[in-house]
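Colleague: After the structure tokens below, expect a handful of questions from me.
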Amino acid sequence: MSDVQRVAKKIDGKAFAENMRRRIAVQVEKIKSSHGITPGLAVILVGEDPASQVYVRNKGKQTAECGMTSLEFKMPATATEEEVLAKVEKLNNDSDVHGILVQLPLPDQINEAHVINAISPDKDVDGFHVINTGRLATGQKAMVPCTPAGCVVLIKDVLGNDLSGLKAVVIGRSNIVGKPVAQLLLNENCTVTQAHSRTKNLPDECRAADILVAAVGRPNMIEGDWVKPGACVIDVGINRIAAPERGEGKMRLVGDVDYESACQVAGSITPVPGGVGPMTIAMLLAATVTACCRIEGLVEP
Ligand code: GUN
């Protein structure tokens, strides 16, 4: 079969995440029955951003479904930085809370770094605190950002646990995805290129990648002829675009990768939706269990 006819294996993140959540529920039950402790996750949502409201609702639902305590704190869009910091401080000191997540983005009057760095690093299930980013960068035990961790779990599920020497290209350099995913792949001994909007000859950079991670937020930007035959393609993009074929005013989700052309060339590829997206919350639930075990001095699952 020529490369042109190849159809990539679809990486089913939805099914993988469902499986993970079932395993997490078993771990939670064991922690409860053996130690009388219930892992607890607190989520703070400031304002009424519709996408954030959906994420927070899903996080709360899945946290409870796994048997953990889910606490949700909604603050008005007019909340001050001091008010949010006071809430974080209260949760830092609450022994029933093992994980704290402040949904981003925050309203303009609030400095995100001030808030993130006020979270106790041990309860920082997002892994965004400078202490955790520093620990990750220096190979120390860290809380790791959830979407990047989910990407690496999917990559290993396809390529196996040893990624040593593989060439990885990460497109995007955000603190939430691009930088930490590059760091994680470097820690797996990949040869990592961090590409971004100023990168020259981006298609050529991409064509060298055994592992291509796209996290740019530009719909269908990466085309099939940018992909090395057989590569593992991880699409982190979630872009809402007009879908007139579904009716007037209808929208649909697409990734940063042009799926139709890329899946003719790649060895494996995540779809959007149903690829990386569902992994984020599953990794968050796993991080909450990890934080609980570390804080309570229990053996980590
Ligand atoms: N907003 C978009 N993604 C994330 C995430 O992973 N964590 C938080 N806290 N906010 C987000």
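Here, A, B, ... name the chains of the structure tokens in the order displayed, residue numbers run from 1 inside each chain, and ligands are numbered from 1 in the same displayed order.
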Please give the complete set of residues from stretch 129-197 of chain A that DSSP, run on the backbone, assigns to alpha helix (DSSP H), formatted as JSON, numbers by chain.
Modeller: {"A": [130, 131, 132, 133, 134, 135, 136, 137, 146, 147, 148, 149, 150, 151, 152, 153, 154, 155, 156, 157, 158, 159, 178, 179, 180, 181, 182, 183, 184, 185, 186, 187]}
Colleague: Residues as selected, N, CA, C and O atoms, written as a tab-separated table (two decimals), in the first residue's frame, can you do that?
Modeller:
chain	number	residue	atom	x	y	z
A	130	VAL	N	4.48	27.99	39.78
A	130	VAL	CA	5.90	28.03	39.36
A	130	VAL	C	6.73	26.95	40.03
A	130	VAL	O	7.71	26.46	39.44
A	131	ILE	N	6.36	26.57	41.24
A	131	ILE	CA	7.11	25.49	41.91
A	131	ILE	C	6.95	24.19	41.14
A	131	ILE	O	7.92	23.45	40.93
A	132	ASN	N	5.75	23.92	40.67
A	132	ASN	CA	5.55	22.68	39.92
A	132	ASN	C	6.16	22.74	38.52
A	132	ASN	O	6.72	21.74	38.05
A	133	THR	N	6.07	23.90	37.87
A	133	THR	CA	6.71	24.00	36.53
A	133	THR	C	8.23	23.86	36.70
A	133	THR	O	8.88	23.22	35.88
A	134	GLY	N	8.76	24.42	37.77
A	134	GLY	CA	10.20	24.30	38.04
A	134	GLY	C	10.60	22.87	38.36
A	134	GLY	O	11.62	22.38	37.89
A	135	ARG	N	9.76	22.21	39.15
A	135	ARG	CA	10.05	20.80	39.47
A	135	ARG	C	10.03	19.95	38.21
A	135	ARG	O	10.90	19.11	38.00
A	136	LEU	N	9.02	20.19	37.36
A	136	LEU	CA	8.92	19.42	36.11
A	136	LEU	C	10.15	19.66	35.24
A	136	LEU	O	10.73	18.72	34.68
A	137	ALA	N	10.58	20.92	35.17
A	137	ALA	CA	11.72	21.27	34.31
A	137	ALA	C	13.04	20.71	34.83
A	137	ALA	O	13.98	20.54	34.07
A	146	CYS	N	-2.60	18.78	33.19
A	146	CYS	CA	-3.44	17.62	32.83
A	146	CYS	C	-3.49	17.33	31.33
A	146	CYS	O	-3.38	16.17	30.92
A	147	THR	N	-3.67	18.35	30.51
A	147	THR	CA	-3.77	18.09	29.06
A	147	THR	C	-2.44	17.53	28.53
A	147	THR	O	-2.45	16.52	27.81
A	148	PRO	N	-1.29	18.15	28.86
A	148	PRO	CA	-0.02	17.58	28.41
A	148	PRO	C	0.18	16.15	28.91
A	148	PRO	O	0.61	15.27	28.15
A	149	ALA	N	-0.16	15.89	30.17
A	149	ALA	CA	-0.01	14.53	30.70
A	149	ALA	C	-0.88	13.56	29.91
A	149	ALA	O	-0.45	12.45	29.58
A	150	GLY	N	-2.10	14.00	29.56
A	150	GLY	CA	-3.00	13.16	28.76
A	150	GLY	C	-2.43	12.87	27.38
A	150	GLY	O	-2.56	11.76	26.87
A	151	CYS	N	-1.78	13.87	26.78
A	151	CYS	CA	-1.14	13.67	25.46
A	151	CYS	C	-0.10	12.57	25.54
A	151	CYS	O	-0.05	11.66	24.69
A	152	VAL	N	0.75	12.63	26.56
A	152	VAL	CA	1.85	11.66	26.66
A	152	VAL	C	1.31	10.26	26.94
A	152	VAL	O	1.80	9.27	26.39
A	153	VAL	N	0.26	10.17	27.76
A	153	VAL	CA	-0.35	8.86	28.02
A	153	VAL	C	-0.87	8.24	26.71
A	153	VAL	O	-0.65	7.06	26.43
A	154	LEU	N	-1.51	9.05	25.88
A	154	LEU	CA	-2.03	8.54	24.59
A	154	LEU	C	-0.88	8.14	23.66
A	154	LEU	O	-0.94	7.11	22.98
A	155	ILE	N	0.17	8.96	23.62
A	155	ILE	CA	1.32	8.66	22.76
A	155	ILE	C	1.94	7.32	23.17
A	155	ILE	O	2.23	6.46	22.34
A	156	LYS	N	2.10	7.12	24.50
A	156	LYS	CA	2.71	5.87	24.97
A	156	LYS	C	1.80	4.68	24.71
A	156	LYS	O	2.28	3.56	24.49
A	157	ASP	N	0.50	4.91	24.75
A	157	ASP	CA	-0.42	3.81	24.49
A	157	ASP	C	-0.24	3.31	23.04
A	157	ASP	O	-0.37	2.13	22.77
A	158	VAL	N	0.10	4.23	22.14
A	158	VAL	CA	0.27	3.86	20.73
A	158	VAL	C	1.69	3.37	20.44
A	158	VAL	O	1.88	2.35	19.78
A	159	LEU	N	2.69	4.12	20.94
A	159	LEU	CA	4.08	3.84	20.54
A	159	LEU	C	4.83	2.98	21.54
A	159	LEU	O	5.96	2.58	21.28
A	178	GLY	N	1.66	23.88	25.37
A	178	GLY	CA	2.87	23.77	24.55
A	178	GLY	C	4.14	23.53	25.37
A	178	GLY	O	4.87	22.57	25.13
A	179	LYS	N	4.39	24.42	26.32
A	179	LYS	CA	5.65	24.29	27.09
A	179	LYS	C	5.68	23.00	27.93
A	179	LYS	O	6.66	22.26	27.87
A	180	PRO	N	4.62	22.71	28.70
A	180	PRO	CA	4.72	21.47	29.50
A	180	PRO	C	4.75	20.20	28.67
A	180	PRO	O	5.42	19.24	29.06
A	181	VAL	N	4.06	20.15	27.51
A	181	VAL	CA	4.10	18.91	26.73
A	181	VAL	C	5.51	18.71	26.16
A	181	VAL	O	6.03	17.58	26.11
A	182	ALA	N	6.16	19.81	25.76
A	182	ALA	CA	7.55	19.71	25.28
A	182	ALA	C	8.46	19.21	26.41
A	182	ALA	O	9.33	18.35	26.20
A	183	GLN	N	8.23	19.73	27.61
A	183	GLN	CA	9.03	19.32	28.77
A	183	GLN	C	8.85	17.83	29.06
A	183	GLN	O	9.82	17.10	29.30
A	184	LEU	N	7.59	17.39	29.03
A	184	LEU	CA	7.32	15.97	29.32
A	184	LEU	C	7.98	15.07	28.28
A	184	LEU	O	8.53	14.02	28.61
A	185	LEU	N	7.92	15.48	26.99
A	185	LEU	CA	8.52	14.65	25.94
A	185	LEU	C	10.04	14.65	26.04
A	185	LEU	O	10.70	13.65	25.77
A	186	LEU	N	10.60	15.78	26.46
A	186	LEU	CA	12.05	15.84	26.70
A	186	LEU	C	12.43	14.88	27.84
A	186	LEU	O	13.42	14.15	27.76
A	187	ASN	N	11.61	14.87	28.89
A	187	ASN	CA	11.86	13.95	30.01
A	187	ASN	C	11.75	12.48	29.58
A	187	ASN	O	12.28	11.60	30.25
Colleague: Find the residues near A:Arg252: any atom within 6 Å, counting only C-alpha atoms, skip ones fewer than 3 places away on the same chain, and give them as a list in words.
Modeller: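 Result of the neighbour search: Arg240, Ile241 and Ala243 of chain A.
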Colleague: If the limit is 8 Å from any atom of ligand 1, counting only C-alpha atoms and all ligand atoms, which residues qualify? Return them as a tab-separated table (two decimals) with N, CA, C and O atoms, in the first residue's frame.
Modeller:
chain	number	residue	atom	x	y	z
A	52	SER	N	-16.16	28.01	29.91
A	52	SER	CA	-15.65	27.66	31.24
A	52	SER	C	-16.75	27.02	32.09
A	52	SER	O	-16.48	26.08	32.84
A	101	LEU	N	-8.42	23.92	41.79
A	101	LEU	CA	-8.28	24.35	40.40
A	101	LEU	C	-9.02	25.67	40.24
A	101	LEU	O	-10.18	25.78	40.60
A	102	VAL	N	-8.32	26.67	39.74
A	102	VAL	CA	-8.97	27.93	39.40
A	102	VAL	C	-9.12	27.95	37.88
A	102	VAL	O	-8.12	27.91	37.15
A	103	GLN	N	-10.36	27.96	37.43
A	103	GLN	CA	-10.60	27.89	35.98
A	103	GLN	C	-10.07	29.15	35.30
A	103	GLN	O	-10.34	30.27	35.73
A	104	LEU	N	-9.33	28.96	34.23
A	104	LEU	CA	-8.79	30.07	33.44
A	104	LEU	C	-9.59	30.18	32.13
A	104	LEU	O	-10.14	29.17	31.68
A	105	PRO	N	-9.71	31.30	31.51
A	105	PRO	CA	-9.07	32.57	31.91
A	105	PRO	C	-9.84	33.26	33.03
A	105	PRO	O	-11.02	32.99	33.24
A	126	ASP	N	-3.58	21.40	38.67
A	126	ASP	CA	-3.33	21.86	37.30
A	126	ASP	C	-1.83	21.84	36.97
A	126	ASP	O	-1.46	21.89	35.81
A	145	PRO	N	0.69	19.38	34.49
A	145	PRO	CA	-0.52	19.86	33.81
A	145	PRO	C	-1.28	18.71	33.10
A	145	PRO	O	-0.66	17.81	32.52
A	146	CYS	N	-2.60	18.78	33.19
A	146	CYS	CA	-3.44	17.62	32.83
A	146	CYS	C	-3.49	17.33	31.33
A	146	CYS	O	-3.38	16.17	30.92
A	147	THR	N	-3.67	18.35	30.51
A	147	THR	CA	-3.77	18.09	29.06
A	147	THR	C	-2.44	17.53	28.53
A	147	THR	O	-2.45	16.52	27.81
A	176	ILE	N	0.01	26.44	29.34
A	176	ILE	CA	-0.94	25.39	29.71
A	176	ILE	C	-0.66	24.09	28.95
A	176	ILE	O	-0.77	23.01	29.50
A	280	THR	N	-8.24	15.24	29.46
A	280	THR	CA	-7.88	16.29	30.40
A	280	THR	C	-8.55	16.08	31.76
A	280	THR	O	-7.88	16.12	32.80
Colleague: List the spatial neighbours of A:Gln109 as a PDB file with C-alpha atoms, in the first residue's frame - criterion: any atom at most 7 Å away, only C-alpha atoms, same-chain residues fewer than 2 positions off excluded.
Modeller:
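For reference, around_17.pdb as written:
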ATOM      1  CA  THR A  80     -11.483  41.355  43.051  1.00  0.00           C
ATOM      2  CA  PRO A 107     -11.340  38.406  34.300  1.00  0.00           C
ATOM      3  CA  ASN A 111      -3.598  38.701  37.799  1.00  0.00           C
TER       4      ASN A 111
END
Colleague: Please determine, counting only C-alpha atoms, which residue among A:Thr270, A:Thr63, A:Thr288, A:Ser197 has the shortest atom-to-atom distance to A:Val97.
Modeller: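 Closest residue, counting only C-alpha atoms: A:Thr288.
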Colleague: With only C-alpha atoms as the counted atoms, please give the residues lying no more than 10 Å from A:Asp204, apart from itself and same-chain residues fewer than 6 positions off, as number ranges by chain.
Modeller: A: 225-228
Colleague: Could the residues in this selection be saved with all heavy atoms as a PDB file, in the first residue's frame?
Modeller:
ATOM      1  N   ASP A 225       0.153  17.001   4.054  1.00  0.00           N
ATOM      2  CA  ASP A 225       1.512  16.926   3.498  1.00  0.00           C
ATOM      3  C   ASP A 225       2.546  17.587   4.412  1.00  0.00           C
ATOM      4  O   ASP A 225       3.713  17.707   4.046  1.00  0.00           O
ATOM      5  CB  ASP A 225       1.573  17.473   2.061  1.00  0.00           C
ATOM      6  CG  ASP A 225       1.316  18.959   1.992  1.00  0.00           C
ATOM      7  OD1 ASP A 225       0.995  19.558   3.039  1.00  0.00           O
ATOM      8  OD2 ASP A 225       1.426  19.527   0.888  1.00  0.00           O
ATOM      9  N   TRP A 226       2.138  17.984   5.626  1.00  0.00           N
ATOM     10  CA  TRP A 226       3.098  18.418   6.645  1.00  0.00           C
ATOM     11  C   TRP A 226       3.488  17.233   7.544  1.00  0.00           C
ATOM     12  O   TRP A 226       4.323  17.380   8.430  1.00  0.00           O
ATOM     13  CB  TRP A 226       2.498  19.474   7.569  1.00  0.00           C
ATOM     14  CG  TRP A 226       2.078  20.765   6.968  1.00  0.00           C
ATOM     15  CD1 TRP A 226       1.709  21.014   5.679  1.00  0.00           C
ATOM     16  CD2 TRP A 226       1.948  22.012   7.658  1.00  0.00           C
ATOM     17  NE1 TRP A 226       1.363  22.325   5.532  1.00  0.00           N
ATOM     18  CE2 TRP A 226       1.496  22.964   6.722  1.00  0.00           C
ATOM     19  CE3 TRP A 226       2.162  22.413   8.972  1.00  0.00           C
ATOM     20  CZ2 TRP A 226       1.266  24.295   7.063  1.00  0.00           C
ATOM     21  CZ3 TRP A 226       1.924  23.735   9.316  1.00  0.00           C
ATOM     22  CH2 TRP A 226       1.487  24.667   8.370  1.00  0.00           C
ATOM     23  N   VAL A 227       2.809  16.113   7.350  1.00  0.00           N
ATOM     24  CA  VAL A 227       2.940  14.993   8.296  1.00  0.00           C
ATOM     25  C   VAL A 227       3.872  13.927   7.717  1.00  0.00           C
ATOM     26  O   VAL A 227       3.742  13.558   6.546  1.00  0.00           O
ATOM     27  CB  VAL A 227       1.547  14.376   8.586  1.00  0.00           C
ATOM     28  CG1 VAL A 227       1.666  13.141   9.481  1.00  0.00           C
ATOM     29  CG2 VAL A 227       0.626  15.414   9.236  1.00  0.00           C
ATOM     30  N   LYS A 228       4.789  13.456   8.559  1.00  0.00           N
ATOM     31  CA  LYS A 228       5.689  12.377   8.135  1.00  0.00           C
ATOM     32  C   LYS A 228       4.891  11.076   8.051  1.00  0.00           C
ATOM     33  O   LYS A 228       4.120  10.771   8.979  1.00  0.00           O
ATOM     34  CB  LYS A 228       6.795  12.240   9.190  1.00  0.00           C
ATOM     35  CG  LYS A 228       7.802  11.136   8.952  1.00  0.00           C
ATOM     36  CD  LYS A 228       8.871  11.214  10.035  1.00  0.00           C
ATOM     37  CE  LYS A 228       9.861  10.102   9.942  1.00  0.00           C
ATOM     38  NZ  LYS A 228      10.936  10.238  10.936  1.00  0.00           N
TER      39      LYS A 228
END
Colleague: Considering only C-alpha atoms, can you say which of A:Val88, A:Val56, A:Val257, A:Met68 comes closest to A:Asn117?
Modeller: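 Ranked by minimum distance to A:Asn117, first place goes to A:Val88.
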